[in-house]
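The block underneath contains the structure these notes are about, expressed in structure tokens.
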Amino acid sequence: MPPCRIHIPPGPAGGRLIARNNFRATALGFNGTPAFATGPTLYADAPDKATLSQAIATARAES
């Protein structure tokens, strides 16, 4: 899988984007990366492939 690339705008807009994302992550209890949310389930670390695949399948089935 290719790496994920994000674009952070330069200047104040980039600062606001980072602050907003940090606020949201903190509100969810995340304090680092990686962090994932699938449906109501939060992962504050890197789950193994089987766990993540099952979480995604469950979230899809419930939506």
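For the structure tokens, the naming scheme is as follows: chains receive sequential letters (A, B, ...) according to their order of presentation, residues are indexed from 1 within each chain, and ligands are indexed from 1 in presentation order.
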
*Write out as a ChimeraX atom specification all residues of chain A that DSSP puts in helix (DSSP H, G or I) for this structure's backbone.*
/A:12-27,49-62

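Residues in contact range of stretch 50-56 of chain A, defined as at most 9 Å between only C-alpha atoms, with sequence neighbours fewer than 6 positions away removed, read Thr38, Gly39 and Thr41 of chain A.
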
*asked:* I'd like the interatomic distance between atom CA of A:Leu42 and atom CA of A:Ala27, to a tenth of an Å.
replied: 11.8 Å

*Taking the backbone alone, and naming residues the way the document does, which bits of chain A are strand (DSSP E or B) by DSSP, as number ranges by chain?*
A: 36-38, 41-43

Output C-alpha atoms for every residue in the selection just made, as a compact mmCIF listing (two decimals), in the first residue's frame.
# COMPACT_ATOMS: atom_id res chain seq x y z
CA PHE A 36 -8.04 4.61 14.36
CA ALA A 37 -11.78 4.78 14.82
CA THR A 38 -14.11 2.28 13.19
CA THR A 41 -14.56 1.47 18.48
CA LEU A 42 -11.36 3.44 19.07
CA TYR A 43 -7.84 2.07 18.68

_Atomic distance atom CA of A:Phe23 - atom CA of A:Lys49, expressed in Å with one decimal_ = 27.7 Å

*What lies within 7 Å of stretch 44-47 of chain A using only C-alpha atoms, ignoring chain neighbours under 6 positions off, as number ranges by chain?*
A: 30, 33-36
